[in-house]
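Student: The structure file protein10.pdb (PDB, C-alpha atoms) is provided below.
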```
ATOM      1  CA  MET B   1     -10.846   9.227  -9.862
ATOM      2  CA  GLN B   2     -11.505   7.780  -6.401
ATOM      3  CA  THR B   3     -14.499   9.019  -4.485
ATOM      4  CA  GLU B   4     -12.704  10.233  -1.393
ATOM      5  CA  ILE B   5      -9.557  12.276  -1.024
ATOM      6  CA  GLY B   6      -7.133  11.067   1.608
ATOM      7  CA  ARG B   7      -9.033   7.905   2.554
ATOM      8  CA  GLU B   8      -5.974   6.590   4.342
ATOM      9  CA  ARG B   9      -5.714   9.639   6.559
ATOM     10  CA  SER B  10      -9.248  10.924   6.905
ATOM     11  CA  GLY B  11     -10.325   8.723   9.824
ATOM     12  CA  THR B  12     -13.152  10.303  11.742
ATOM     13  CA  GLY B  13     -14.149  13.780  12.824
ATOM     14  CA  ARG B  14     -12.560  16.899  11.428
ATOM     15  CA  LEU B  15     -10.248  15.205   8.915
ATOM     16  CA  SER B  16     -13.088  13.151   7.487
ATOM     17  CA  LEU B  17     -15.324  16.199   7.112
ATOM     18  CA  LEU B  18     -12.620  18.298   5.446
ATOM     19  CA  SER B  19     -11.709  15.377   3.189
ATOM     20  CA  GLY B  20     -15.288  15.203   1.962
ATOM     21  CA  LEU B  21     -15.442  18.943   1.320
ATOM     22  CA  LEU B  22     -12.234  18.821  -0.725
ATOM     23  CA  THR B  23     -13.493  15.796  -2.641
ATOM     24  CA  ASP B  24     -16.610  17.677  -3.705
ATOM     25  CA  ALA B  25     -14.622  20.813  -4.532
ATOM     26  CA  LEU B  26     -12.147  18.936  -6.715
ATOM     27  CA  ALA B  27     -14.913  17.076  -8.535
ATOM     28  CA  SER B  28     -16.717  20.332  -9.343
ATOM     29  CA  VAL B  29     -13.691  21.850 -11.095
ATOM     30  CA  THR B  30     -12.332  18.749 -12.838
ATOM     31  CA  VAL B  31     -12.573  18.669 -16.616
ATOM     32  CA  PRO B  32     -13.078  15.116 -17.966
ATOM     33  CA  GLY B  33      -9.879  13.715 -19.371
ATOM     34  CA  GLN B  34      -7.654  16.313 -17.687
ATOM     35  CA  ALA B  35      -5.789  16.183 -14.396
ATOM     36  CA  PRO B  36      -7.031  19.015 -12.165
ATOM     37  CA  LEU B  37      -4.344  21.550 -11.284
ATOM     38  CA  VAL B  38      -4.105  22.302  -7.559
ATOM     39  CA  LEU B  39      -2.052  24.928  -5.718
ATOM     40  CA  ASP B  40      -1.468  24.400  -2.001
ATOM     41  CA  CYS B  41      -0.344  27.652  -0.370
ATOM     42  CA  GLY B  42       1.753  26.927   2.695
ATOM     43  CA  GLY B  43       1.059  23.225   2.251
ATOM     44  CA  GLY B  44       4.290  22.262   3.948
ATOM     45  CA  SER B  45       4.760  18.534   4.400
ATOM     46  CA  GLY B  46       1.915  17.547   2.072
ATOM     47  CA  ALA B  47      -0.933  16.644   4.401
ATOM     48  CA  TYR B  48      -3.365  17.658   1.658
ATOM     49  CA  ALA B  49      -1.123  17.639  -1.410
ATOM     50  CA  VAL B  50      -0.186  13.961  -1.319
ATOM     51  CA  PRO B  51      -3.773  12.650  -0.921
ATOM     52  CA  LEU B  52      -4.916  15.002  -3.689
ATOM     53  CA  ALA B  53      -2.175  13.744  -5.976
ATOM     54  CA  ALA B  54      -3.151  10.167  -5.095
ATOM     55  CA  VAL B  55      -6.591  10.733  -6.618
ATOM     56  CA  GLY B  56      -5.147  12.159  -9.835
ATOM     57  CA  ALA B  57      -4.547  15.867  -9.215
ATOM     58  CA  ASP B  58      -1.362  17.672 -10.263
ATOM     59  CA  VAL B  59      -0.355  19.604  -7.154
ATOM     60  CA  THR B  60       2.067  22.485  -6.638
ATOM     61  CA  VAL B  61       3.009  23.230  -3.028
ATOM     62  CA  VAL B  62       4.423  26.617  -2.067
ATOM     63  CA  ASP B  63       6.086  26.801   1.341
ATOM     64  CA  ILE B  64       8.909  28.793   2.863
ATOM     65  CA  SER B  65      10.258  25.850   4.879
ATOM     66  CA  ALA B  66      12.899  23.693   3.172
ATOM     67  CA  ASP B  67      12.453  21.018   5.846
ATOM     68  CA  ALA B  68       8.705  20.825   5.248
ATOM     69  CA  LEU B  69       9.221  20.533   1.498
ATOM     70  CA  ALA B  70      11.755  17.753   2.049
ATOM     71  CA  THR B  71       9.098  15.878   4.011
ATOM     72  CA  LEU B  72       6.639  16.558   1.184
ATOM     73  CA  ARG B  73       8.989  14.973  -1.359
ATOM     74  CA  ARG B  74       9.536  11.939   0.856
ATOM     75  CA  ARG B  75       5.826  11.430   1.409
ATOM     76  CA  ALA B  76       5.140  11.832  -2.291
ATOM     77  CA  ASP B  77       7.807   9.243  -3.113
ATOM     78  CA  GLU B  78       6.400   6.795  -0.567
ATOM     79  CA  ALA B  79       2.891   7.254  -1.997
ATOM     80  CA  GLY B  80       4.130   6.822  -5.563
ATOM     81  CA  VAL B  81       2.903  10.254  -6.675
ATOM     82  CA  SER B  82       6.149  12.228  -6.909
ATOM     83  CA  ALA B  83       5.538  12.946 -10.608
ATOM     84  CA  ARG B  84       2.329  14.791  -9.681
ATOM     85  CA  VAL B  85       3.672  16.780  -6.720
ATOM     86  CA  HIS B  86       5.817  19.871  -7.319
ATOM     87  CA  ALA B  87       7.549  21.822  -4.545
ATOM     88  CA  ALA B  88       8.250  25.546  -4.763
ATOM     89  CA  GLN B  89      10.162  27.149  -1.914
ATOM     90  CA  GLY B  90       9.103  30.711  -1.268
ATOM     91  CA  ASP B  91       7.009  33.083   0.763
ATOM     92  CA  VAL B  92       3.258  32.861   0.153
ATOM     93  CA  GLU B  93       3.170  36.632   0.524
ATOM     94  CA  SER B  94       5.146  36.761  -2.734
ATOM     95  CA  LEU B  95       2.893  34.287  -4.513
ATOM     96  CA  VAL B  96       2.498  36.565  -7.518
ATOM     97  CA  ASP B  97       6.222  36.175  -8.229
ATOM     98  CA  LEU B  98       6.098  32.391  -7.805
ATOM     99  CA  VAL B  99       2.906  31.745  -9.779
ATOM    100  CA  ALA B 100       2.763  33.931 -12.838
ATOM    101  CA  ARG B 101      -0.718  33.224 -14.154
ATOM    102  CA  ALA B 102      -4.215  32.224 -13.104
ATOM    103  CA  SER B 103      -4.245  28.579 -14.102
ATOM    104  CA  PHE B 104      -5.214  26.474 -11.100
ATOM    105  CA  ASP B 105      -8.538  24.717 -10.782
ATOM    106  CA  LEU B 106      -8.365  24.559  -6.988
ATOM    107  CA  VAL B 107      -6.245  26.658  -4.618
ATOM    108  CA  LEU B 108      -5.817  25.716  -0.953
ATOM    109  CA  ALA B 109      -5.121  28.322   1.734
ATOM    110  CA  HIS B 110      -5.441  26.351   4.943
ATOM    111  CA  GLY B 111      -4.231  28.094   8.084
ATOM    112  CA  ILE B 112      -2.028  30.478   6.116
ATOM    113  CA  LEU B 113      -3.875  33.803   6.366
ATOM    114  CA  GLU B 114      -3.316  34.021  10.133
ATOM    115  CA  ALA B 115       0.436  33.625   9.586
ATOM    116  CA  VAL B 116       1.089  36.463   7.123
ATOM    117  CA  ASP B 117       1.754  40.133   7.761
ATOM    118  CA  ARG B 118       0.256  41.535   4.555
ATOM    119  CA  ILE B 119      -3.081  39.783   4.433
ATOM    120  CA  ASP B 120      -4.653  41.949   1.705
ATOM    121  CA  GLU B 121      -1.765  41.457  -0.725
ATOM    122  CA  THR B 122      -1.488  37.763   0.134
ATOM    123  CA  PHE B 123      -5.186  37.163  -0.428
ATOM    124  CA  ASP B 124      -5.059  39.036  -3.736
ATOM    125  CA  GLY B 125      -2.212  36.777  -4.862
ATOM    126  CA  ILE B 126      -4.166  33.667  -3.890
ATOM    127  CA  ALA B 127      -7.254  34.923  -5.712
ATOM    128  CA  ALA B 128      -5.203  35.713  -8.820
ATOM    129  CA  ALA B 129      -3.862  32.150  -8.969
ATOM    130  CA  VAL B 130      -7.237  30.481  -9.548
ATOM    131  CA  ARG B 131      -8.732  30.283 -13.018
ATOM    132  CA  PRO B 132     -12.178  31.712 -13.819
ATOM    133  CA  GLY B 133     -14.701  29.163 -12.612
ATOM    134  CA  GLY B 134     -12.164  27.660 -10.195
ATOM    135  CA  LEU B 135     -12.354  27.344  -6.411
ATOM    136  CA  ILE B 136     -10.353  28.524  -3.417
ATOM    137  CA  SER B 137     -10.502  26.443  -0.233
ATOM    138  CA  VAL B 138      -9.819  28.564   2.859
ATOM    139  CA  LEU B 139      -9.464  27.205   6.382
ATOM    140  CA  VAL B 140      -9.217  29.896   9.016
ATOM    141  CA  GLY B 141      -9.327  30.034  12.799
ATOM    142  CA  ASN B 142     -12.450  31.358  14.501
ATOM    143  CA  PRO B 143     -11.718  34.000  17.204
ATOM    144  CA  LEU B 144     -15.150  33.447  18.761
ATOM    145  CA  ALA B 145     -14.374  29.807  19.489
ATOM    146  CA  SER B 146     -11.402  30.615  21.702
ATOM    147  CA  VAL B 147     -13.650  32.618  24.036
ATOM    148  CA  LEU B 148     -16.089  29.745  24.391
ATOM    149  CA  ALA B 149     -13.332  27.164  24.851
ATOM    150  CA  ARG B 150     -11.725  29.191  27.650
ATOM    151  CA  ALA B 151     -15.032  29.540  29.475
ATOM    152  CA  LEU B 152     -15.831  25.839  29.210
ATOM    153  CA  ALA B 153     -12.326  24.998  30.405
ATOM    154  CA  GLY B 154     -13.081  26.796  33.666
ATOM    155  CA  GLU B 155     -11.152  29.966  32.830
ATOM    156  CA  PRO B 156     -13.841  32.679  32.809
ATOM    157  CA  ALA B 157     -11.345  35.486  33.484
ATOM    158  CA  VAL B 158      -9.294  34.515  30.439
ATOM    159  CA  ALA B 159     -12.478  34.141  28.404
ATOM    160  CA  LEU B 160     -13.531  37.651  29.413
ATOM    161  CA  GLN B 161     -10.129  39.023  28.456
ATOM    162  CA  GLU B 162     -10.298  37.339  25.043
ATOM    163  CA  LEU B 163     -13.864  38.536  24.513
ATOM    164  CA  ARG B 164     -12.846  42.123  25.165
ATOM    165  CA  GLY B 165      -9.804  41.609  22.945
ATOM    166  CA  LEU B 166     -12.067  40.962  19.969
ATOM    167  CA  ASP B 167     -12.849  44.684  19.970
ATOM    168  CA  THR B 168      -9.718  46.234  21.444
ATOM    169  CA  ALA B 169      -6.742  44.195  20.200
ATOM    170  CA  GLY B 170      -6.955  45.305  16.599
ATOM    171  CA  PRO B 171      -8.161  43.327  13.599
ATOM    172  CA  ARG B 172      -8.439  39.570  14.108
ATOM    173  CA  ILE B 173      -8.174  37.293  11.108
ATOM    174  CA  GLY B 174     -11.318  35.180  10.978
ATOM    175  CA  PRO B 175     -14.096  34.061   8.655
ATOM    176  CA  ASP B 176     -15.726  37.481   8.531
ATOM    177  CA  THR B 177     -12.428  39.017   7.431
ATOM    178  CA  VAL B 178     -12.143  36.420   4.669
ATOM    179  CA  GLN B 179     -15.666  37.137   3.442
ATOM    180  CA  ARG B 180     -14.893  40.861   3.257
ATOM    181  CA  LEU B 181     -11.762  40.108   1.247
ATOM    182  CA  CYS B 182     -13.851  37.951  -1.071
ATOM    183  CA  MET B 183     -16.259  40.761  -1.807
ATOM    184  CA  ARG B 184     -13.367  43.078  -2.604
ATOM    185  CA  ALA B 185     -11.792  40.497  -4.925
ATOM    186  CA  GLY B 186     -15.058  39.701  -6.697
ATOM    187  CA  LEU B 187     -15.218  36.127  -5.391
ATOM    188  CA  VAL B 188     -18.402  34.297  -4.457
ATOM    189  CA  VAL B 189     -18.707  32.374  -1.179
ATOM    190  CA  GLU B 190     -20.244  29.039  -2.186
ATOM    191  CA  SER B 191     -20.215  27.343   1.208
ATOM    192  CA  ARG B 192     -19.212  27.859   4.810
ATOM    193  CA  HIS B 193     -18.720  25.005   7.279
ATOM    194  CA  GLY B 194     -17.606  24.814  10.874
ATOM    195  CA  ILE B 195     -14.810  22.276  11.325
ATOM    196  CA  GLY B 196     -14.789  20.488  14.674
ATOM    197  CA  VAL B 197     -17.902  22.145  16.092
ATOM    198  CA  PHE B 198     -18.043  19.779  19.059
ATOM    199  CA  SER B 199     -14.816  17.775  18.888
ATOM    200  CA  ASP B 200     -12.827  20.684  20.325
ATOM    201  CA  LEU B 201     -15.185  20.847  23.313
ATOM    202  CA  VAL B 202     -15.785  17.212  24.224
ATOM    203  CA  PRO B 203     -13.268  15.907  26.819
ATOM    204  CA  GLY B 204     -11.085  13.032  25.683
ATOM    205  CA  SER B 205     -12.350  10.785  28.482
ATOM    206  CA  ALA B 206     -15.847  10.892  26.947
ATOM    207  CA  LEU B 207     -14.528   9.208  23.799
ATOM    208  CA  ASP B 208     -13.502   5.962  25.499
ATOM    209  CA  ALA B 209     -17.007   4.494  25.258
ATOM    210  CA  PRO B 210     -17.592   2.124  22.308
ATOM    211  CA  GLY B 211     -18.719   4.045  19.232
ATOM    212  CA  ALA B 212     -18.270   7.453  20.873
ATOM    213  CA  ARG B 213     -15.795   8.744  18.289
ATOM    214  CA  GLU B 214     -18.039   7.759  15.400
ATOM    215  CA  VAL B 215     -21.042   9.467  16.970
ATOM    216  CA  LEU B 216     -18.984  12.602  17.639
ATOM    217  CA  ALA B 217     -17.859  12.638  14.001
ATOM    218  CA  GLN B 218     -21.477  12.402  12.862
ATOM    219  CA  LEU B 219     -22.453  15.183  15.266
ATOM    220  CA  ASP B 220     -19.705  17.414  13.891
ATOM    221  CA  ALA B 221     -20.720  16.649  10.294
ATOM    222  CA  GLU B 222     -24.395  17.407  10.832
ATOM    223  CA  ALA B 223     -23.661  20.640  12.723
ATOM    224  CA  ALA B 224     -21.000  21.835  10.249
ATOM    225  CA  ALA B 225     -23.387  23.877   8.099
ATOM    226  CA  ARG B 226     -26.093  24.514  10.685
ATOM    227  CA  SER B 227     -26.222  27.901  12.394
ATOM    228  CA  PRO B 228     -25.604  28.791  15.183
ATOM    229  CA  PHE B 229     -23.509  25.680  15.860
ATOM    230  CA  ALA B 230     -21.215  26.124  12.849
ATOM    231  CA  ASP B 231     -20.427  29.684  13.925
ATOM    232  CA  LEU B 232     -18.873  28.356  17.155
ATOM    233  CA  ALA B 233     -16.412  25.916  15.563
ATOM    234  CA  GLY B 234     -12.708  26.309  16.213
ATOM    235  CA  ARG B 235     -12.020  26.589  12.480
ATOM    236  CA  ILE B 236     -14.184  27.708   9.589
ATOM    237  CA  HIS B 237     -13.893  26.321   6.079
ATOM    238  CA  LEU B 238     -15.001  28.490   3.161
ATOM    239  CA  LEU B 239     -15.201  27.586  -0.514
ATOM    240  CA  LEU B 240     -14.818  30.597  -2.779
ATOM    241  CA  ARG B 241     -15.616  30.615  -6.498
ATOM    242  CA  ARG B 242     -13.957  32.906  -9.008
ATOM    243  CA  PRO B 243     -16.770  33.752 -11.449
ATOM    244  CA  LEU B 244     -16.353  33.016 -15.129
ATOM    245  CA  ASP B 245     -15.208  36.062 -17.100
TER     246      ASP B 245
END
```
Since I need it in another form, could you write the structure as structure tokens?
Tutor:
Amino acid sequence: MQTEIGRERSGTGRLSLLSGLLTDALASVTVPGQAPLVLDCGGGSGAYAVPLAAVGADVTVVDISADALATLRRRADEAGVSARVHAAQGDVESLVDLVARASFDLVLAHGILEAVDRIDETFDGIAAAVRPGGLISVLVGNPLASVLARALAGEPAVALQELRGLDTAGPRIGPDTVQRLCMRAGLVVESRHGIGVFSDLVPGSALDAPGAREVLAQLDAEAAARSPFADLAGRIHLLLRRPLD
């Protein structure tokens, strides 16, 4: 197995950091001599599925969009991994009907929890799909980051409105919500990283200097697990372990 998932697409910054986190997660659940089984919930066009298949994983992608799944198949064909990528059209909220048993070593739920209406049932279905000892990779937006971004963009009135909305606009799906769902489902949070701690805040013009993008990527990587910086990132990545029975 190669040492880095998605080397051709990781580049710098957020993609590189997330690629490394997925690499470590996959390695920790891989049984020698067996292809790890991966489920990508809402994985669409295969941004994660195809690189994972390229390093030897057997990946099932569930998505409601026929167009996205067509793109997935094309990308898998072009990468020569179509035999290890399986598309299943359907609603992630009905995952229990699409995936009948807990058999996956690694389950991805990147950006999907904010898009569903029945978050509790959806999360339960995702949790039920991972085998004992397996991992769930969750990427979720951070409501706190939008307040900070608005203020730094010179929109203090909008920032104030969003800040007040955190308490008055009803439940907001964020990392704290995910951690509460984990406790209810009996999952263990193994790690929590901020994705793009600084890259969402640094103006594009500042990246024109030689080496600026590489330095920014290193800054993001070193701040990703360091509080309070990680808590201000635009997206939060959590790795959840289903304990062995």
Student: Determine, counting all atoms listed in the file, which protein, DNA and RNA residues have an atom within 10 Å of an atom of segment 123-126 of chain B; residues of the same chain fewer than 6 positions away are not included. Present the result as a VMD selection string.
Tutor: chain B and resid 39 to 41 92 to 100 102 107 to 109 112 to 113 116 136 178 181 to 182 184 to 185
Student: Quick one: of B:Ala230, B:Ala54, B:Ala159, B:Leu244, who's nearest to Gly133 of chain B, counting only C-alpha atoms?
Tutor: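 Smallest distance to Gly133 of chain B is found for B:Leu244.
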Student: List the spatial neighbours of segment 198-214 of chain B as an mmCIF file with C-alpha atoms, keeping the file's coordinate frame - criterion: any atom at most 12 Å away, all atoms listed in the file, same-chain residues fewer than 6 positions off excluded.
Tutor:
```cif
data_model
loop_
_atom_site.group_PDB
_atom_site.id
_atom_site.type_symbol
_atom_site.label_atom_id
_atom_site.label_comp_id
_atom_site.auth_asym_id
_atom_site.auth_seq_id
_atom_site.Cartn_x
_atom_site.Cartn_y
_atom_site.Cartn_z
ATOM 1 C CA GLY B 11 -10.325 8.723 9.824
ATOM 2 C CA THR B 12 -13.152 10.303 11.742
ATOM 3 C CA GLY B 13 -14.149 13.780 12.824
ATOM 4 C CA ARG B 14 -12.560 16.899 11.428
ATOM 5 C CA LEU B 15 -10.248 15.205 8.915
ATOM 6 C CA SER B 16 -13.088 13.151 7.487
ATOM 7 C CA LEU B 17 -15.324 16.199 7.112
ATOM 8 C CA ALA B 145 -14.374 29.807 19.489
ATOM 9 C CA SER B 146 -11.402 30.615 21.702
ATOM 10 C CA VAL B 147 -13.650 32.618 24.036
ATOM 11 C CA LEU B 148 -16.089 29.745 24.391
ATOM 12 C CA ALA B 149 -13.332 27.164 24.851
ATOM 13 C CA ARG B 150 -11.725 29.191 27.650
ATOM 14 C CA ALA B 151 -15.032 29.540 29.475
ATOM 15 C CA LEU B 152 -15.831 25.839 29.210
ATOM 16 C CA ALA B 153 -12.326 24.998 30.405
ATOM 17 C CA ASP B 220 -19.705 17.414 13.891
ATOM 18 C CA ALA B 221 -20.720 16.649 10.294
ATOM 19 C CA GLU B 222 -24.395 17.407 10.832
ATOM 20 C CA ALA B 223 -23.661 20.640 12.723
ATOM 21 C CA ALA B 224 -21.000 21.835 10.249
ATOM 22 C CA PHE B 229 -23.509 25.680 15.860
ATOM 23 C CA ALA B 230 -21.215 26.124 12.849
ATOM 24 C CA ASP B 231 -20.427 29.684 13.925
ATOM 25 C CA LEU B 232 -18.873 28.356 17.155
ATOM 26 C CA ALA B 233 -16.412 25.916 15.563
ATOM 27 C CA GLY B 234 -12.708 26.309 16.213
ATOM 28 C CA ARG B 235 -12.020 26.589 12.480
#
```
Student: At what distance in Å, to one decimal, does atom CA of Asp105 of chain B lie from atom CA of Asp117 of chain B?
Tutor: 26.2 Å
Student: Expressed in Å to a single decimal, how great is the separation between atom CA of Leu187 of chain B and atom CA of Ala127 of chain B?
Tutor: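 About the pair atom CA of Leu187 of chain B and atom CA of Ala127 of chain B: they are 8.1 Å apart.
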Student: Taking into account all atoms listed in the file, which residue in the set B:Asp58, B:Asp91, B:Asp176, B:Asp245 is nearest to Leu106 of chain B?
Tutor: B:Asp58
Student: Could you tell me how far atom CA of Leu139 of chain B lies from atom CA of Leu238 of chain B, in Å and to one decimal?
Tutor: 6.5 Å
Student: Taking the file as shown, what set of residues would the PyMOL selection byres ((chain B and resi 46) around 12) give back, as a PyMOL selection string?
Tutor: chain B and resi 6+9+39-45+47-54+59-63+67-79+81-82+85-87+108+110
Student: Tell me, as a PyMOL selection string, which residues lie within 9 Å of Ala35 of chain B, counting only C-alpha atoms; anything in the same chain fewer than 3 positions away does not count.
Tutor: chain B and resi 30-32+56-58
Student: Taking all atoms listed in the file into account, which of B:Gln179, B:Thr23, B:Gln218, B:Ser103 comes nearest Leu37 of chain B?
Tutor: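 Ranked by minimum distance to Leu37 of chain B, first place goes to B:Ser103.
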Student: Could you check which of B:Ile64, B:Leu144, B:Val55, B:Val188 is closest to Arg241 of chain B, using all atoms listed in the file?
Tutor: B:Val188
Student: For a quick check of understanding, using all atoms listed in the file, which of B:Pro132, B:Gly165, B:Gly141, B:Gly90 has the smallest distance to Ile195 of chain B?
Tutor: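 Under the stated criterion, the closest residue is B:Gly141.
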Student: Which residue gives the smallest distance to Ala66 of chain B among B:Ile119, B:Ala88, B:Ala157, B:Val38, with all atoms listed in the file counted?
Tutor: B:Ala88
Student: Would you list the contacts of Arg192 of chain B as a PDB file with C-alpha atoms, keeping the file's coordinate frame, taking every protein, DNA or RNA residue within 7 Å and counting only C-alpha atoms, but skipping same-chain residues closer than 4 positions in sequence?
Tutor:
```
ATOM      1  CA  ALA B 225     -23.387  23.877   8.099  1.00  0.00           C
ATOM      2  CA  ILE B 236     -14.184  27.708   9.589  1.00  0.00           C
ATOM      3  CA  HIS B 237     -13.893  26.321   6.079  1.00  0.00           C
ATOM      4  CA  LEU B 238     -15.001  28.490   3.161  1.00  0.00           C
ATOM      5  CA  LEU B 239     -15.201  27.586  -0.514  1.00  0.00           C
TER       6      LEU B 239
END
```
